[in-house]
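Comments concern the structure below.
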Amino acid sequence: MLKLAYKNPETLTPVWSDEEVIKINSLLNTKYRSVLNNERFSVESGYDGQQVQIKVTLERIDKSVFYPIELLYIRDAADGFGQAQPSMDELASLMLDYIDVYWHEYLSDGRDVFVPLAWDKHTCEGVEFYLRGFIRNRSLEQQADELFRKHGHGEHDIEPISDDL
């Protein structure tokens, strides 16, 4: 069984051109401008022989807090056989549309609706994909790291936080 993992986008083929990503970012930031608090959206995408992935991140302008949501479509070995399969762009766009509905709910409903920390399967228009998300506060993480450096970890081994949960 394939372990789900969001891959380094630099190792993948981009689904969207740089110009398209700029346009998507601009559309999201314009759409939600009235509910963003010194925040902005950024989007990245990529694919390889195993998966199509996108990440939509809401982050503070000062980069202190960020909320990335990662979405993966696992390409089946049967892709391309039988009925026509969606293109990489269609898959990424479907996942983007799906998560846009979440962002609308999150931003307009008190910011207390969260996606799961662990990969969770979702279906949209007959396409199955996985998503996960987590809010990170870099400022607090840096303060905690400084406390550990200054005072030690005590009796416990404490590992740095990783984006790969």
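How things are named: the first chain in the structure tokens is A, the next is B, and so on; residues count from 1 in each chain; ligands count from 1 in the order shown.
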Surrounding residues of range 87-103 of chain A excluding itself and chain neighbours under 4 positions, 9 Å, only C-alpha atoms, as a list of chain:residue names: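 In the requested format, the answer is A:Val15, A:Trp16, A:Leu28, A:Tyr32, A:Ser45, A:Gly46, A:Tyr47, A:Val52, A:Gln53, A:Ile54, A:Lys55, A:Val56, A:Ile69, A:Leu71, A:Leu72, A:Tyr73, A:Leu107, A:Ser108, A:Val113, A:Phe114, A:Val115, A:Cys124, A:Glu125, A:Val127, A:Phe129.
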Next, write the just-selected residues to a file, as a tab-separated table (two decimals), in the first residue's frame, keeping N, CA and C atoms as the atom set.
chain	number	residue	atom	x	y	z
A	15	VAL	N	1.25	21.45	-12.29
A	15	VAL	CA	-0.01	21.31	-13.01
A	15	VAL	C	-0.31	22.63	-13.72
A	16	TRP	N	-0.09	23.74	-13.01
A	16	TRP	CA	-0.41	25.05	-13.55
A	16	TRP	C	0.87	25.84	-13.77
A	28	LEU	N	-8.41	34.05	-5.33
A	28	LEU	CA	-8.74	33.69	-3.94
A	28	LEU	C	-8.62	34.89	-3.01
A	32	TYR	N	-11.91	36.59	-1.03
A	32	TYR	CA	-12.03	36.57	0.43
A	32	TYR	C	-11.48	37.83	1.10
A	45	SER	N	0.99	23.40	-6.95
A	45	SER	CA	0.47	22.16	-7.52
A	45	SER	C	1.60	21.35	-8.13
A	46	GLY	N	1.34	20.07	-8.32
A	46	GLY	CA	2.32	19.23	-8.98
A	46	GLY	C	1.77	17.84	-9.21
A	47	TYR	N	2.45	17.10	-10.09
A	47	TYR	CA	2.05	15.71	-10.33
A	47	TYR	C	3.25	14.91	-10.78
A	52	VAL	N	-1.42	13.41	-8.06
A	52	VAL	CA	-1.63	14.82	-8.38
A	52	VAL	C	-1.87	15.49	-7.04
A	53	GLN	N	-1.21	16.62	-6.79
A	53	GLN	CA	-1.37	17.26	-5.50
A	53	GLN	C	-1.49	18.76	-5.65
A	54	ILE	N	-2.23	19.35	-4.71
A	54	ILE	CA	-2.26	20.80	-4.59
A	54	ILE	C	-2.17	21.14	-3.10
A	55	LYS	N	-1.69	22.33	-2.83
A	55	LYS	CA	-1.70	22.85	-1.47
A	55	LYS	C	-2.21	24.28	-1.55
A	56	VAL	N	-3.20	24.57	-0.71
A	56	VAL	CA	-3.73	25.92	-0.60
A	56	VAL	C	-3.44	26.38	0.83
A	69	ILE	N	-3.53	23.51	3.57
A	69	ILE	CA	-4.37	22.33	3.34
A	69	ILE	C	-3.83	21.63	2.11
A	71	LEU	N	-4.00	18.46	-0.63
A	71	LEU	CA	-4.94	17.55	-1.27
A	71	LEU	C	-4.17	16.66	-2.24
A	72	LEU	N	-4.47	15.37	-2.20
A	72	LEU	CA	-3.80	14.39	-3.06
A	72	LEU	C	-4.81	13.54	-3.81
A	73	TYR	N	-4.56	13.36	-5.07
A	73	TYR	CA	-5.29	12.38	-5.86
A	73	TYR	C	-4.26	11.31	-6.21
A	107	LEU	N	-13.93	30.68	6.74
A	107	LEU	CA	-13.76	32.12	6.90
A	107	LEU	C	-15.05	32.85	7.26
A	108	SER	N	-16.19	32.29	6.88
A	108	SER	CA	-17.46	32.97	7.15
A	108	SER	C	-18.17	32.43	8.39
A	113	VAL	N	-14.10	25.62	12.02
A	113	VAL	CA	-14.33	24.37	11.28
A	113	VAL	C	-13.00	23.98	10.66
A	114	PHE	N	-12.47	22.82	11.04
A	114	PHE	CA	-11.13	22.44	10.58
A	114	PHE	C	-11.16	21.12	9.82
A	115	VAL	N	-10.23	20.98	8.89
A	115	VAL	CA	-10.05	19.70	8.22
A	115	VAL	C	-9.21	18.82	9.14
A	124	CYS	N	-15.65	13.90	-4.71
A	124	CYS	CA	-16.35	15.00	-5.37
A	124	CYS	C	-16.52	14.63	-6.83
A	125	GLU	N	-17.75	14.67	-7.30
A	125	GLU	CA	-18.06	14.33	-8.69
A	125	GLU	C	-17.48	12.98	-9.08
A	127	VAL	N	-14.83	11.52	-8.02
A	127	VAL	CA	-13.37	11.45	-7.91
A	127	VAL	C	-13.00	11.39	-6.44
A	129	PHE	N	-10.19	11.58	-3.46
A	129	PHE	CA	-8.88	12.16	-3.15
A	129	PHE	C	-8.77	12.29	-1.64
Residues of range 35-131 of chain A in strand (DSSP E or B), written as a ChimeraX atom specification: /A:39-47,51-60,65-74,120-124,127-131
Mind dumping the selected residues with N, CA, C and O atoms as a compact mmCIF listing (two decimals), in the first residue's frame?
# COMPACT_ATOMS: atom_id res chain seq x y z
N GLU A 39 -3.83 38.67 5.92
CA GLU A 39 -3.57 37.31 5.46
C GLU A 39 -3.63 37.28 3.94
O GLU A 39 -4.15 38.18 3.30
N ARG A 40 -3.12 36.17 3.40
CA ARG A 40 -3.20 35.95 1.95
C ARG A 40 -3.18 34.45 1.69
O ARG A 40 -2.69 33.66 2.49
N PHE A 41 -3.71 34.11 0.52
CA PHE A 41 -3.69 32.74 0.06
C PHE A 41 -2.52 32.53 -0.90
O PHE A 41 -2.15 33.44 -1.64
N SER A 42 -2.00 31.32 -0.89
CA SER A 42 -1.04 30.91 -1.92
C SER A 42 -1.35 29.47 -2.29
O SER A 42 -1.79 28.67 -1.45
N VAL A 43 -1.13 29.16 -3.56
CA VAL A 43 -1.46 27.84 -4.10
C VAL A 43 -0.24 27.27 -4.79
O VAL A 43 0.52 27.99 -5.42
N GLU A 44 -0.05 25.95 -4.64
CA GLU A 44 0.99 25.25 -5.40
C GLU A 44 0.39 23.94 -5.88
O GLU A 44 -0.57 23.44 -5.32
N SER A 45 0.99 23.40 -6.95
CA SER A 45 0.47 22.16 -7.52
C SER A 45 1.60 21.35 -8.13
O SER A 45 2.68 21.88 -8.41
N GLY A 46 1.34 20.07 -8.32
CA GLY A 46 2.32 19.23 -8.98
C GLY A 46 1.77 17.84 -9.21
O GLY A 46 0.75 17.45 -8.61
N TYR A 47 2.45 17.10 -10.09
CA TYR A 47 2.05 15.71 -10.33
C TYR A 47 3.25 14.91 -10.78
O TYR A 47 4.26 15.44 -11.24
N GLN A 51 0.82 10.56 -8.23
CA GLN A 51 -0.21 11.41 -7.65
C GLN A 51 -0.27 12.78 -8.29
O GLN A 51 0.67 13.22 -8.94
N VAL A 52 -1.42 13.41 -8.06
CA VAL A 52 -1.63 14.82 -8.38
C VAL A 52 -1.87 15.49 -7.04
O VAL A 52 -2.62 14.97 -6.22
N GLN A 53 -1.21 16.62 -6.79
CA GLN A 53 -1.37 17.26 -5.50
C GLN A 53 -1.49 18.76 -5.65
O GLN A 53 -0.98 19.36 -6.59
N ILE A 54 -2.23 19.35 -4.71
CA ILE A 54 -2.26 20.80 -4.59
C ILE A 54 -2.17 21.14 -3.10
O ILE A 54 -2.51 20.32 -2.24
N LYS A 55 -1.69 22.33 -2.83
CA LYS A 55 -1.70 22.85 -1.47
C LYS A 55 -2.21 24.28 -1.55
O LYS A 55 -1.74 25.08 -2.36
N VAL A 56 -3.20 24.57 -0.71
CA VAL A 56 -3.73 25.92 -0.60
C VAL A 56 -3.44 26.38 0.83
O VAL A 56 -3.89 25.76 1.78
N THR A 57 -2.65 27.44 0.95
CA THR A 57 -2.22 27.92 2.26
C THR A 57 -2.77 29.31 2.52
O THR A 57 -2.66 30.19 1.68
N LEU A 58 -3.35 29.45 3.71
CA LEU A 58 -3.75 30.77 4.21
C LEU A 58 -2.69 31.15 5.23
O LEU A 58 -2.46 30.42 6.19
N GLU A 59 -2.00 32.28 4.98
CA GLU A 59 -0.95 32.67 5.93
C GLU A 59 -1.01 34.16 6.22
O GLU A 59 -1.46 34.95 5.39
N ARG A 60 -0.56 34.49 7.41
CA ARG A 60 -0.44 35.90 7.78
C ARG A 60 0.64 36.53 6.92
O ARG A 60 1.62 35.89 6.57
N VAL A 65 1.82 32.87 11.24
CA VAL A 65 0.84 31.79 11.34
C VAL A 65 0.45 31.38 9.93
O VAL A 65 0.26 32.23 9.07
N PHE A 66 0.36 30.08 9.72
CA PHE A 66 -0.10 29.62 8.42
C PHE A 66 -0.93 28.36 8.56
O PHE A 66 -0.79 27.59 9.50
N TYR A 67 -1.85 28.19 7.61
CA TYR A 67 -2.79 27.07 7.61
C TYR A 67 -2.77 26.46 6.21
O TYR A 67 -3.53 26.85 5.34
N PRO A 68 -1.87 25.48 6.00
CA PRO A 68 -1.86 24.80 4.71
C PRO A 68 -2.84 23.63 4.68
O PRO A 68 -2.96 22.89 5.65
N ILE A 69 -3.53 23.51 3.57
CA ILE A 69 -4.37 22.33 3.34
C ILE A 69 -3.83 21.63 2.11
O ILE A 69 -3.69 22.23 1.05
N GLU A 70 -3.48 20.37 2.29
CA GLU A 70 -2.89 19.57 1.22
C GLU A 70 -3.93 18.59 0.70
O GLU A 70 -4.65 17.97 1.48
N LEU A 71 -4.00 18.46 -0.63
CA LEU A 71 -4.94 17.55 -1.27
C LEU A 71 -4.17 16.66 -2.24
O LEU A 71 -3.33 17.15 -3.00
N LEU A 72 -4.47 15.37 -2.20
CA LEU A 72 -3.80 14.39 -3.06
C LEU A 72 -4.81 13.54 -3.81
O LEU A 72 -5.76 13.05 -3.21
N TYR A 73 -4.56 13.36 -5.07
CA TYR A 73 -5.29 12.38 -5.86
C TYR A 73 -4.26 11.31 -6.21
O TYR A 73 -3.22 11.60 -6.81
N ILE A 74 -4.53 10.07 -5.81
CA ILE A 74 -3.62 8.97 -6.08
C ILE A 74 -3.98 8.38 -7.44
O ILE A 74 -5.11 7.95 -7.67
N ASP A 120 -7.56 12.21 5.09
CA ASP A 120 -8.97 11.82 5.14
C ASP A 120 -9.49 11.75 3.70
O ASP A 120 -9.23 12.66 2.91
N LYS A 121 -10.20 10.67 3.38
CA LYS A 121 -10.70 10.49 2.01
C LYS A 121 -11.96 11.30 1.78
O LYS A 121 -12.85 11.33 2.63
N HIS A 122 -12.01 11.96 0.62
CA HIS A 122 -13.18 12.74 0.21
C HIS A 122 -13.51 12.38 -1.23
O HIS A 122 -12.66 11.94 -1.98
N THR A 123 -14.76 12.60 -1.60
CA THR A 123 -15.22 12.33 -2.96
C THR A 123 -15.96 13.54 -3.48
O THR A 123 -16.80 14.11 -2.78
N CYS A 124 -15.65 13.90 -4.71
CA CYS A 124 -16.35 15.00 -5.37
C CYS A 124 -16.52 14.63 -6.83
O CYS A 124 -15.53 14.28 -7.50
N VAL A 127 -14.83 11.52 -8.02
CA VAL A 127 -13.37 11.45 -7.91
C VAL A 127 -13.00 11.39 -6.44
O VAL A 127 -13.41 12.24 -5.65
N GLU A 128 -12.21 10.36 -6.07
CA GLU A 128 -11.76 10.22 -4.69
C GLU A 128 -10.37 10.82 -4.53
O GLU A 128 -9.49 10.60 -5.37
N PHE A 129 -10.19 11.58 -3.46
CA PHE A 129 -8.88 12.16 -3.15
C PHE A 129 -8.77 12.29 -1.64
O PHE A 129 -9.74 12.03 -0.91
N TYR A 130 -7.62 12.67 -1.18
CA TYR A 130 -7.34 12.79 0.25
C TYR A 130 -6.95 14.22 0.57
O TYR A 130 -6.37 14.92 -0.25
N LEU A 131 -7.25 14.62 1.81
CA LEU A 131 -6.82 15.94 2.25
C LEU A 131 -6.50 15.93 3.73
O LEU A 131 -6.93 15.06 4.47
Computed interatomic separation between CA of Asn29 in chain A and CA of Asn137 in chain A (Å): 20.8 Å
Selection near Arg138 in chain A, 10 Å with only C-alpha atoms, sequence-local residues under 2 positions removed, as a PyMOL selection string: chain A and resi 63-66+135-136+140-144
Alpha helix (DSSP H) per DSSP on the backbone: members of chain A, as an MDAnalysis selection string: chainID A and resid 18:31 88:108 138:151
